[in-house]
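Everything below concerns the one structure shown next.
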Amino acid sequence: MKHHLVALLSGLLFGLGLAVSGMTEPDKVLNFLDVTGSWDPSLALVMAAALAISLPGFAWVRRRNASHGTMATTHVEAISMRLLLGSALFGIGWGIAGYCPGPALANLARGSGEAVVFVIALLAGSQLARLAGSSR
Amino acid sequence: MPTDFTPVSALIGGALIGLAATLLYALLGRIAGISGMLNSAIENPGERSWRLLFLAGLILGAGAWFALASPALPARTGFPLPWLLLAGLLVGIGTRLGNGCTSGHGICGLARLSRRSLVAVLVFMACGIATTTVIRHLLGGLP
């Protein structure tokens with residue numbers, strides 16, 4: 001029960017933050033990426049403000065967990081070809097339409113036809129990559 | 001279409017996103033990565049309910065702002081369909097292979113000081129900037 005309330009509250013804050021910050025406007029995102037044109041640096045400030053909370057927040061959680069001896073926090077961090085290729089493809093898709101997964105979902109709230117199409121294509125792409133990966 | 005630089009709402013919205021991610025990590029030990037959450041909600045029935053609640057909350061939270069915003073914030077329309085489909089496919093494939101997107105790698109991964117996430121963020125930012133620049137300044141926009 002508590003888990004569910006926390007998840008719902010966190011989701012509400014996340015979605016509210018996306019909309020308040022204007023990151024639900026794909027043109028604002030594309031203008032952030034258009035550094036040599038009509039540059040809009042807003043996205044950089046969104047990231048900076050989010051990290052200003054999450055960096056100390058996550059550090060505090062890790063210290064708390066370490067002192068309780070719960071939750072292993074060390075893991076192997078290999079930079080794989082898969083990570084590089086995946087991030088590159090994601091960046092290209094992001095730069096074409098200006099949607100990443102969170103803002104695309106948020107746009108469903110106002111009945112955006114673009115978001116419906118984008119989310120269906122996103123789910124198809126993800127399942128395609130999953131099937132291709134498991135058949136190898 | 002040009003947009004205004006909106007530093008105040010960017011900082012307030014960003015802080016809300018950071019707070020949401022910290023809450024989920026502190027109380028559930030979970031990473032607020034939207035692409036991963038979406039995939040797991042579909043593929044992992046055992047732990048589906050809290051993920052669906054988070055995703056529903058995300059949509060409702062944004063919806064509340066859209067409903068209250070004045071002047072109204074209409075969704076973009078008129079983006080060419082084939083390019084929209086291609087973009088969605090690439091984002092779906094890419095976030096599956098790279099295990100994350102702007103939220104998982106960008107907000108949570110960097111907050112966890114993950115080297116993988118830092119590399120992912122640098123790569124998708126660079127590729128996003130390159131793509132938008134090529135489309136707008138070399139091709140003169142999408143056909």
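In the structure tokens, the first chain shown is A, the next is B, and so on; residue numbers restart at 1 for each chain, and ligands run from 1 in the order shown.
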
Distance filter 6 Å, only C-alpha atoms, chain A against chain B, as JSON, numbers by chain: {"A": [4, 7, 8, 10, 11, 12, 13, 14, 15, 16, 17, 19, 20, 21, 28, 33, 34, 38, 40, 42, 45, 46, 49, 50, 53, 54, 55, 57, 61, 79, 82, 83, 86, 87, 88, 89, 90, 91, 92, 93, 94, 95, 96, 101, 102, 106, 109, 112, 118, 121, 122, 123, 125, 126, 129]}

Dump of C-alpha atoms for the selected residues, as a CSV table (one decimal), in the first residue's frame:
chain,number,residue,atom,x,y,z
A,4,HIS,CA,1.7,2.3,-4.3
A,7,ALA,CA,4.9,5.5,-6.7
A,8,LEU,CA,1.7,7.5,-7.5
A,10,SER,CA,6.4,10.4,-7.3
A,11,GLY,CA,4.7,10.0,-10.7
A,12,LEU,CA,2.5,13.0,-10.0
A,13,LEU,CA,5.4,15.2,-9.1
A,14,PHE,CA,7.4,14.0,-12.1
A,15,GLY,CA,4.7,14.7,-14.6
A,16,LEU,CA,3.9,18.1,-13.0
A,17,GLY,CA,7.6,19.0,-13.2
A,19,ALA,CA,4.8,20.2,-17.7
A,20,VAL,CA,5.8,23.1,-15.5
A,21,SER,CA,9.3,23.1,-17.0
A,28,LYS,CA,11.3,23.7,-26.8
A,33,LEU,CA,19.3,20.9,-29.4
A,34,ASP,CA,19.5,23.6,-32.0
A,38,SER,CA,17.1,29.4,-32.3
A,40,ASP,CA,16.6,27.8,-26.0
A,42,SER,CA,15.8,26.0,-20.7
A,45,LEU,CA,18.4,24.5,-16.4
A,46,VAL,CA,15.8,21.7,-15.9
A,49,ALA,CA,17.7,22.0,-11.0
A,50,ALA,CA,16.8,18.3,-11.0
A,53,ILE,CA,18.0,18.0,-5.7
A,54,SER,CA,18.8,14.4,-6.8
A,55,LEU,CA,22.6,14.5,-6.4
A,57,GLY,CA,19.3,13.2,-2.3
A,61,VAL,CA,20.1,7.6,0.5
A,79,ILE,CA,30.9,0.9,-21.3
A,82,ARG,CA,25.3,-1.7,-26.9
A,83,LEU,CA,25.2,1.3,-24.6
A,86,GLY,CA,21.6,2.5,-28.0
A,87,SER,CA,22.2,6.0,-26.7
A,88,ALA,CA,23.2,7.2,-30.2
A,89,LEU,CA,19.9,5.9,-31.8
A,90,PHE,CA,17.9,7.4,-28.9
A,91,GLY,CA,19.6,10.8,-29.5
A,92,ILE,CA,18.9,10.7,-33.2
A,93,GLY,CA,15.2,9.9,-32.6
A,94,TRP,CA,15.0,12.6,-29.9
A,95,GLY,CA,16.6,15.1,-32.3
A,96,ILE,CA,14.1,14.3,-35.1
A,101,PRO,CA,9.6,8.8,-23.3
A,102,GLY,CA,8.5,10.9,-20.3
A,106,ALA,CA,2.8,13.3,-20.5
A,109,ALA,CA,-2.8,13.9,-20.9
A,112,SER,CA,-1.9,14.8,-28.4
A,118,PHE,CA,5.1,8.3,-31.0
A,121,ALA,CA,6.1,3.5,-32.4
A,122,LEU,CA,8.3,3.6,-29.2
A,123,LEU,CA,6.7,0.5,-27.8
A,125,GLY,CA,10.8,-0.3,-31.4
A,126,SER,CA,11.5,-1.4,-27.9
A,129,ALA,CA,15.0,-4.6,-30.1

Gap from atom CA of B:Pro82 to atom CA of B:Pro143 - Å, one decimal: 10.1 Å
